[in-house]
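Written below as structure tokens is the structure these notes are about.
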Amino acid sequence: MYGSYHIKKKSSECAARLGTIYTANGIIDTPVFMPVGTQGSVKGIPIEFLHESGAKIILANSYHLYLRPGTEIIKKAGGIQKFNSWNKAMLTDSGGFQAFSLRNMGRKINNDGIEFQSHIDGSKHFFSPEKSIQIQKDIGADIIMCFDECIPYNSDYQYAMKSMELSLEWAKRCKKEFYRDSSSHSITQSLFGIIQGSVYNDLRIKSTYEMLNIDFDGYAIGGLSVGESKSCMYSVLSNIVHIIPENKARYLMGVGMPEDLWQCVEYGIDMFDCVIPTRNGRNGQAFTSLGKINIKNMKFKDDFSKLDPYCNCRTCKRYSKAYLNHLVKTKEALYLTLLSLHNVHFMINLMSDIRKSLSSDTFLESKRNFFKKYYAKN
RNA sequence: GGGGGUGUGGCAGAGUGGUCUAAUGCACCAGACUGUAAAUCUGGCGGGCUUGCCCUUCGGUGGUUCAAAUCCAUCCGCCCCCA
């Protein structure tokens, strides 16, 4: 059944597990990192290079695709995978994150949904849970997400509770809408619920149990990595991940940095997505097994070594730090692709290493070795 | 030869007596970025330290003034127009 999770092996040391997610567009080995392609394209990276990097599933965003090009065009193309020629698994976010990211742009929330003011032309658009699901059916990704409200980390308890309960109500409506029309794409699509509750443990626990009651194909944890400290995020996770049944995929939305991937896999997370590899790449930052570097830094001007001596991506195979430094400093468009590609490759390769370590049941040792290298000051 | 203009921090370019270490942009240096409003944003960008002050800067020199990037004289450089 599409969207189903199968556990292959459990770590003997922690809650981490090796598994697969079954989709109409391929079987995905987990733990997995999903590059973000908001507009249907992972910014800067041609599909062929994405395939090469080992990506098996990418994200797209309902709000952004609804605004441009609009769902009619995507339907006409035969779905998003045809439209962008990715042809592998995809996941769409519901637009719930835009409740957070567009919170200062005339966005209004009521019990029925969210009115967004387009960041492009200021026009107003109302997303209800039903509307979000319809859009996501039209887009046609393999895994679609419930419409939720993602709130800032400094929200007070009262607001966090109200919002968490609202997201629960919306989750029920999403499920109802998802299964309303049996002739729709829902046959090949699966629907994930999103656990909310901000940083408040009792709210998170309640949200988790209630989501489980509604019963989804998989469970996401949302509303994290929105500004709170790492220890705070880890604490929330360690309190709820174990509540989610073993036979369901667990998806931590919007995470993360390399260190977060290791840490959160340890808590039992199976799926991650993050804009960091592409956005930071475009901003001149490269992730390497020896730590983060800012390729813009003067010290790389005449450093002819490769970005990461342990990396075999196209960028590292061919180009030096000095050349990449030159491309970034002169704003040559090529650097957007080269750095984004390297970073995405790095994250996906990292997940591959994590899976290998789980396969040989040496997760903690591998994690220690990674951290040792990643944080060593050269 | 005659007339006019102009010279400001790495560059471009404001400022035309005190609120000027001198706007703004670029360049340069560094930092941030976590379900993408992002090829973006933030900070720094003369020197010193006891971090509040001190010293040094607007072509050079000299002057007027309590006070000069700003006014005057002179020198130097550059540009334009007419012969």
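Residue numbering restarts at 1 for every chain of the structure tokens, chains are lettered A, B, ... in their displayed order, and ligands are numbered from 1 as they appear.
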At most 9 Å is the cut-off: for each residue in chain B with any atom that close to an atom of chain A, write down the nearest atom pair and the distance in Å rounded to one decimal, counting only C-alpha atoms (C1' of nucleotides), chain first then increasing number, as a Markdown table.
```
| residue | atom | partner | partner_atom | distance |
| --- | --- | --- | --- | --- |
| B:C29 | C1' | A:Met298 | CA | 8.3 |
| B:A30 | C1' | A:Asn297 | CA | 8.2 |
| B:C33 | C1' | A:Asn280 | CA | 6.5 |
| B:U34 | C1' | A:Gly256 | CA | 4.8 |
| B:G35 | C1' | A:Gly254 | CA | 4.5 |
| B:U36 | C1' | A:Val275 | CA | 6.3 |
| B:A37 | C1' | A:His119 | CA | 5.8 |
| B:A38 | C1' | A:Arg279 | CA | 7.3 |
| B:A39 | C1' | A:Arg282 | CA | 5.4 |
| B:U40 | C1' | A:Asn283 | CA | 7.4 |
```
Write the residues of the preceding selection, restricted to N, CA and C atoms (P, O5', C5', C4', C3', O3' and C1' of nucleotides), as a short mmCIF file (atom, residue, chain, number, x, y, z; two decimals), in the first residue's frame.
```
data_model
loop_
_atom_site.label_atom_id
_atom_site.label_comp_id
_atom_site.auth_asym_id
_atom_site.auth_seq_id
_atom_site.Cartn_x
_atom_site.Cartn_y
_atom_site.Cartn_z
P C B 29 37.34 40.07 0.46
"O5'" C B 29 37.19 40.33 2.02
"C5'" C B 29 38.32 40.63 2.81
"C4'" C B 29 37.90 40.82 4.24
"C3'" C B 29 36.99 39.72 4.80
"O3'" C B 29 37.71 38.58 5.19
"C1'" C B 29 36.10 41.83 5.36
P A B 30 37.03 37.15 5.04
"O5'" A B 30 35.89 37.17 6.16
"C5'" A B 30 36.21 36.94 7.51
"C4'" A B 30 35.07 37.35 8.42
"C3'" A B 30 33.84 36.46 8.42
"O3'" A B 30 34.03 35.27 9.16
"C1'" A B 30 33.19 38.73 8.45
P C B 33 22.31 30.21 11.52
"O5'" C B 33 21.24 30.35 10.35
"C5'" C B 33 20.02 31.09 10.51
"C4'" C B 33 19.41 31.32 9.14
"C3'" C B 33 18.93 30.02 8.48
"O3'" C B 33 17.64 30.17 7.91
"C1'" C B 33 20.50 31.16 7.10
P U B 34 16.35 29.57 8.70
"O5'" U B 34 16.48 27.99 8.56
"C5'" U B 34 16.55 27.39 7.26
"C4'" U B 34 16.19 25.92 7.40
"C3'" U B 34 14.83 25.70 8.09
"O3'" U B 34 14.04 24.72 7.43
"C1'" U B 34 16.59 24.61 9.29
P G B 35 13.66 24.77 5.87
"O5'" G B 35 12.50 23.78 5.42
"C5'" G B 35 11.31 23.69 6.20
"C4'" G B 35 10.41 22.89 5.33
"C3'" G B 35 9.37 23.73 4.59
"O3'" G B 35 9.84 23.97 3.26
"C1'" G B 35 8.30 22.08 5.92
P U B 36 8.86 24.95 2.20
"O5'" U B 36 9.27 26.44 2.63
"C5'" U B 36 10.64 26.82 2.73
"C4'" U B 36 10.77 28.25 2.30
"C3'" U B 36 9.89 28.53 1.05
"O3'" U B 36 8.85 29.49 1.21
"C1'" U B 36 12.27 28.74 0.56
P A B 37 8.72 30.71 2.01
"O5'" A B 37 8.06 31.65 0.95
"C5'" A B 37 7.75 33.00 1.06
"C4'" A B 37 8.52 33.89 0.12
"C3'" A B 37 9.99 33.97 0.50
"O3'" A B 37 10.89 33.48 -0.52
"C1'" A B 37 8.93 36.13 0.63
P A B 38 11.38 33.81 -1.85
"O5'" A B 38 12.90 34.23 -1.70
"C5'" A B 38 13.35 35.50 -1.32
"C4'" A B 38 14.83 35.50 -1.40
"C3'" A B 38 15.45 34.28 -2.04
"O3'" A B 38 16.61 34.69 -2.72
"C1'" A B 38 16.04 34.39 0.26
P A B 39 17.29 34.00 -3.94
"O5'" A B 39 18.71 34.69 -3.96
"C5'" A B 39 19.73 34.34 -3.06
"C4'" A B 39 21.06 34.56 -3.73
"C3'" A B 39 21.15 35.91 -4.46
"O3'" A B 39 21.66 36.88 -3.60
"C1'" A B 39 21.78 34.14 -5.91
P U B 40 21.33 38.45 -3.78
"O5'" U B 40 20.39 38.76 -2.53
"C5'" U B 40 18.98 38.51 -2.58
"C4'" U B 40 18.47 38.21 -1.19
"C3'" U B 40 18.99 39.12 -0.09
"O3'" U B 40 18.25 40.32 -0.05
"C1'" U B 40 19.19 36.88 0.61
#
```
Test item, helix (DSSP H, G or I) assignment across segment 264-370 of chain A, answer as a ChimeraX atom specification: /A:264-266,276-282,298-300,314-318,321-329,334-359,363-370
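Near segment 122-138 of chain A, within a cut-off of 7 Å and counting only C-alpha atoms (C1' of nucleotides), sit the residues Ser62, Thr71, Lys75, Thr92, Ser94, Asp112, Gly113, Ile114, Glu115, Phe116, Gln117, Ser118, Ile144, Phe147, Trp170, Arg173, Cys174, Glu177, Phe178, His185 and Ser186 of chain A, with same-chain residues fewer than 4 positions away left out.
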With N, CA, C and O atoms retained, write the just-selected residues as a short mmCIF file (atom, residue, chain, number, x, y, z; two decimals), in the first residue's frame.
```
data_model
loop_
_atom_site.label_atom_id
_atom_site.label_comp_id
_atom_site.auth_asym_id
_atom_site.auth_seq_id
_atom_site.Cartn_x
_atom_site.Cartn_y
_atom_site.Cartn_z
N SER A 62 2.64 23.52 -2.13
CA SER A 62 1.30 23.76 -2.67
C SER A 62 1.00 25.23 -2.88
O SER A 62 0.47 25.62 -3.92
N THR A 71 -2.69 25.17 -10.60
CA THR A 71 -2.88 23.72 -10.65
C THR A 71 -3.39 23.24 -12.01
O THR A 71 -3.14 22.09 -12.39
N LYS A 75 -2.01 19.94 -13.85
CA LYS A 75 -2.92 18.86 -14.24
C LYS A 75 -2.79 18.54 -15.72
O LYS A 75 -2.72 17.39 -16.13
N THR A 92 4.39 16.91 -1.32
CA THR A 92 4.07 18.34 -1.29
C THR A 92 3.74 18.78 0.12
O THR A 92 3.06 18.08 0.87
N SER A 94 1.69 21.41 2.48
CA SER A 94 0.30 21.83 2.32
C SER A 94 0.09 23.33 2.19
O SER A 94 -0.97 23.77 1.78
N ASP A 112 -11.68 28.29 9.84
CA ASP A 112 -11.94 27.61 8.58
C ASP A 112 -10.70 27.48 7.71
O ASP A 112 -10.67 26.68 6.78
N GLY A 113 -9.68 28.30 7.99
CA GLY A 113 -8.48 28.22 7.16
C GLY A 113 -7.64 29.48 7.25
O GLY A 113 -7.73 30.22 8.22
N ILE A 114 -6.82 29.68 6.24
CA ILE A 114 -5.90 30.81 6.25
C ILE A 114 -6.08 31.62 4.98
O ILE A 114 -6.12 31.07 3.88
N GLU A 115 -6.20 32.92 5.17
CA GLU A 115 -6.20 33.81 4.00
C GLU A 115 -4.77 34.32 3.82
O GLU A 115 -4.21 34.96 4.70
N PHE A 116 -4.20 33.97 2.69
CA PHE A 116 -2.85 34.45 2.37
C PHE A 116 -2.94 35.66 1.46
O PHE A 116 -3.83 35.75 0.61
N GLN A 117 -2.00 36.55 1.66
CA GLN A 117 -1.86 37.62 0.68
C GLN A 117 -0.63 37.26 -0.14
O GLN A 117 0.47 37.10 0.41
N SER A 118 -0.82 37.10 -1.41
CA SER A 118 0.26 36.66 -2.29
C SER A 118 1.50 37.52 -2.11
O SER A 118 1.43 38.74 -2.14
N ILE A 144 1.29 13.54 0.44
CA ILE A 144 0.80 14.90 0.64
C ILE A 144 0.59 15.13 2.13
O ILE A 144 0.48 14.19 2.92
N PHE A 147 -3.06 20.11 6.05
CA PHE A 147 -2.94 21.56 6.19
C PHE A 147 -2.93 21.88 7.67
O PHE A 147 -3.83 21.50 8.42
N TRP A 170 -8.29 20.56 11.59
CA TRP A 170 -7.98 20.63 10.16
C TRP A 170 -7.50 19.27 9.64
O TRP A 170 -7.79 18.89 8.51
N ARG A 173 -10.40 17.19 8.85
CA ARG A 173 -11.03 17.65 7.60
C ARG A 173 -10.19 17.24 6.38
O ARG A 173 -10.74 16.89 5.34
N CYS A 174 -8.89 17.28 6.55
CA CYS A 174 -8.01 16.89 5.45
C CYS A 174 -8.23 15.43 5.11
O CYS A 174 -8.32 15.06 3.93
N GLU A 177 -11.51 14.95 3.33
CA GLU A 177 -11.44 15.43 1.95
C GLU A 177 -10.60 14.50 1.09
O GLU A 177 -10.91 14.24 -0.08
N PHE A 178 -9.53 13.98 1.69
CA PHE A 178 -8.62 13.11 0.96
C PHE A 178 -9.35 11.87 0.45
O PHE A 178 -9.15 11.43 -0.67
N HIS A 185 -6.96 11.13 -7.23
CA HIS A 185 -5.59 10.65 -7.14
C HIS A 185 -5.26 9.98 -5.81
O HIS A 185 -4.18 9.44 -5.66
N SER A 186 -6.18 10.04 -4.89
CA SER A 186 -5.87 9.53 -3.54
C SER A 186 -5.46 8.07 -3.56
O SER A 186 -4.86 7.57 -2.63
#
```
Every residue of segment 124-370 of chain A that DSSP places in strand (DSSP E or B), as JSON, numbers by chain: {"A": [124, 125, 126, 127, 143, 144, 145, 190, 191, 192, 193, 194, 195, 218, 219, 220, 221, 249, 250, 251, 252, 271, 272, 273, 274, 285, 286, 287, 288, 291, 292, 293, 294]}
Per-residue nearest contacts segment 54-78 of chain B to segment 5-23 of chain B, cut-off 10 Å, using only C-alpha atoms (C1' of nucleotides), as CSV:
```
residue,atom,partner,partner_atom,distance
B:U56,C1',B:U21,C1',9.4
B:U57,C1',B:U21,C1',7.2
B:C58,C1',B:U8,C1',3.9
B:G59,C1',B:G7,C1',6.0
B:U65,C1',B:G17,C1',8.9
B:A67,C1',B:G18,C1',6.0
B:A68,C1',B:G17,C1',6.4
B:A69,C1',B:U8,C1',6.7
B:U70,C1',B:U16,C1',4.5
B:C71,C1',B:G17,C1',7.5
B:G77,C1',B:G7,C1',7.7
B:C78,C1',B:U6,C1',7.5
```
Limited to N, CA, C and O atoms (P, O5', C5', C4', C3', O3' and C1' of nucleotides), could you put the picked residues into a file as an mmCIF file, in the first residue's frame?
```
data_model
loop_
_atom_site.group_PDB
_atom_site.id
_atom_site.type_symbol
_atom_site.label_atom_id
_atom_site.label_comp_id
_atom_site.auth_asym_id
_atom_site.auth_seq_id
_atom_site.Cartn_x
_atom_site.Cartn_y
_atom_site.Cartn_z
ATOM 1 P P U B 56 46.214 65.655 15.140
ATOM 2 O "O5'" U B 56 46.054 64.624 13.941
ATOM 3 C "C5'" U B 56 47.192 63.946 13.395
ATOM 4 C "C4'" U B 56 46.766 63.083 12.241
ATOM 5 C "C3'" U B 56 45.912 63.791 11.193
ATOM 6 O "O3'" U B 56 46.711 64.549 10.292
ATOM 7 C "C1'" U B 56 44.896 61.747 11.746
ATOM 8 P P U B 57 45.963 65.592 9.296
ATOM 9 O "O5'" U B 57 45.315 64.604 8.258
ATOM 10 C "C5'" U B 57 44.316 65.074 7.397
ATOM 11 C "C4'" U B 57 43.694 63.943 6.646
ATOM 12 C "C3'" U B 57 42.569 64.420 5.752
ATOM 13 O "O3'" U B 57 43.086 64.819 4.486
ATOM 14 C "C1'" U B 57 41.767 62.680 7.097
ATOM 15 P P C B 58 43.200 66.400 4.146
ATOM 16 O "O5'" C B 58 42.285 66.423 2.846
ATOM 17 C "C5'" C B 58 41.167 65.628 2.849
ATOM 18 C "C4'" C B 58 40.486 65.562 1.518
ATOM 19 C "C3'" C B 58 40.198 66.917 0.870
ATOM 20 O "O3'" C B 58 40.113 66.789 -0.547
ATOM 21 C "C1'" C B 58 38.201 65.964 1.767
ATOM 22 P P G B 59 40.639 68.051 -1.484
ATOM 23 O "O5'" G B 59 42.189 67.710 -1.691
ATOM 24 C "C5'" G B 59 42.606 66.393 -2.034
ATOM 25 C "C4'" G B 59 43.993 66.439 -2.609
ATOM 26 C "C3'" G B 59 44.944 67.403 -1.889
ATOM 27 O "O3'" G B 59 45.520 66.820 -0.727
ATOM 28 C "C1'" G B 59 45.056 67.781 -4.212
ATOM 29 P P U B 65 41.349 86.579 11.905
ATOM 30 O "O5'" U B 65 40.129 85.599 12.213
ATOM 31 C "C5'" U B 65 38.789 86.019 11.981
ATOM 32 C "C4'" U B 65 37.862 84.864 12.223
ATOM 33 C "C3'" U B 65 38.048 84.150 13.560
ATOM 34 O "O3'" U B 65 37.421 84.841 14.627
ATOM 35 C "C1'" U B 65 37.818 82.556 11.828
ATOM 36 P P A B 67 39.903 79.734 15.471
ATOM 37 O "O5'" A B 67 38.765 78.681 15.075
ATOM 38 C "C5'" A B 67 38.781 77.387 15.656
ATOM 39 C "C4'" A B 67 37.608 76.583 15.147
ATOM 40 C "C3'" A B 67 37.545 76.433 13.632
ATOM 41 O "O3'" A B 67 38.351 75.349 13.207
ATOM 42 C "C1'" A B 67 35.417 77.047 14.473
ATOM 43 P P A B 68 39.053 75.463 11.771
ATOM 44 O "O5'" A B 68 37.808 75.279 10.778
ATOM 45 C "C5'" A B 68 37.065 74.067 10.707
ATOM 46 C "C4'" A B 68 36.868 73.695 9.248
ATOM 47 C "C3'" A B 68 38.156 73.252 8.555
ATOM 48 O "O3'" A B 68 37.846 72.285 7.559
ATOM 49 C "C1'" A B 68 37.368 75.217 7.536
ATOM 50 P P A B 69 37.827 70.766 7.837
ATOM 51 O "O5'" A B 69 37.641 70.090 6.417
ATOM 52 C "C5'" A B 69 38.674 70.150 5.458
ATOM 53 C "C4'" A B 69 38.115 70.096 4.064
ATOM 54 C "C3'" A B 69 37.406 71.362 3.604
ATOM 55 O "O3'" A B 69 38.303 72.233 2.989
ATOM 56 C "C1'" A B 69 36.034 69.477 3.201
ATOM 57 P P U B 70 38.142 73.857 3.136
ATOM 58 O "O5'" U B 70 36.649 74.199 2.678
ATOM 59 C "C5'" U B 70 36.238 74.112 1.318
ATOM 60 C "C4'" U B 70 34.750 74.332 1.279
ATOM 61 C "C3'" U B 70 34.341 75.759 1.632
ATOM 62 O "O3'" U B 70 33.464 76.282 0.647
ATOM 63 C "C1'" U B 70 33.210 74.171 3.013
ATOM 64 P P C B 71 34.029 77.290 -0.481
ATOM 65 O "O5'" C B 71 34.429 78.584 0.382
ATOM 66 C "C5'" C B 71 33.506 79.657 0.557
ATOM 67 C "C4'" C B 71 34.229 80.857 1.120
ATOM 68 C "C3'" C B 71 35.566 81.166 0.444
ATOM 69 O "O3'" C B 71 35.390 81.945 -0.722
ATOM 70 C "C1'" C B 71 35.850 81.189 2.792
ATOM 71 P P G B 77 51.062 70.818 -13.216
ATOM 72 O "O5'" G B 77 49.878 69.780 -12.990
ATOM 73 C "C5'" G B 77 50.156 68.439 -12.635
ATOM 74 C "C4'" G B 77 48.891 67.690 -12.364
ATOM 75 C "C3'" G B 77 47.869 67.682 -13.508
ATOM 76 O "O3'" G B 77 48.198 66.749 -14.512
ATOM 77 C "C1'" G B 77 46.766 68.087 -11.461
ATOM 78 P P C B 78 47.744 67.079 -16.041
ATOM 79 O "O5'" C B 78 46.176 66.812 -15.991
ATOM 80 C "C5'" C B 78 45.672 65.500 -15.795
ATOM 81 C "C4'" C B 78 44.190 65.547 -15.539
ATOM 82 C "C3'" C B 78 43.352 66.154 -16.659
ATOM 83 O "O3'" C B 78 43.099 65.229 -17.706
ATOM 84 C "C1'" C B 78 42.660 67.071 -14.602
#
```
Pick from A:Met164, A:Ile293, A:Leu261, A:Met211, whichever lies nearest to G31 of chain B using only C-alpha atoms (C1' of nucleotides): A:Ile293
For segment 7-10 of chain A: contacts at 8 Å, only C-alpha atoms (C1' of nucleotides), fewer than 3 positions along chain excluded, given as a ChimeraX atom specification: /A:15-20,246-247,358-359
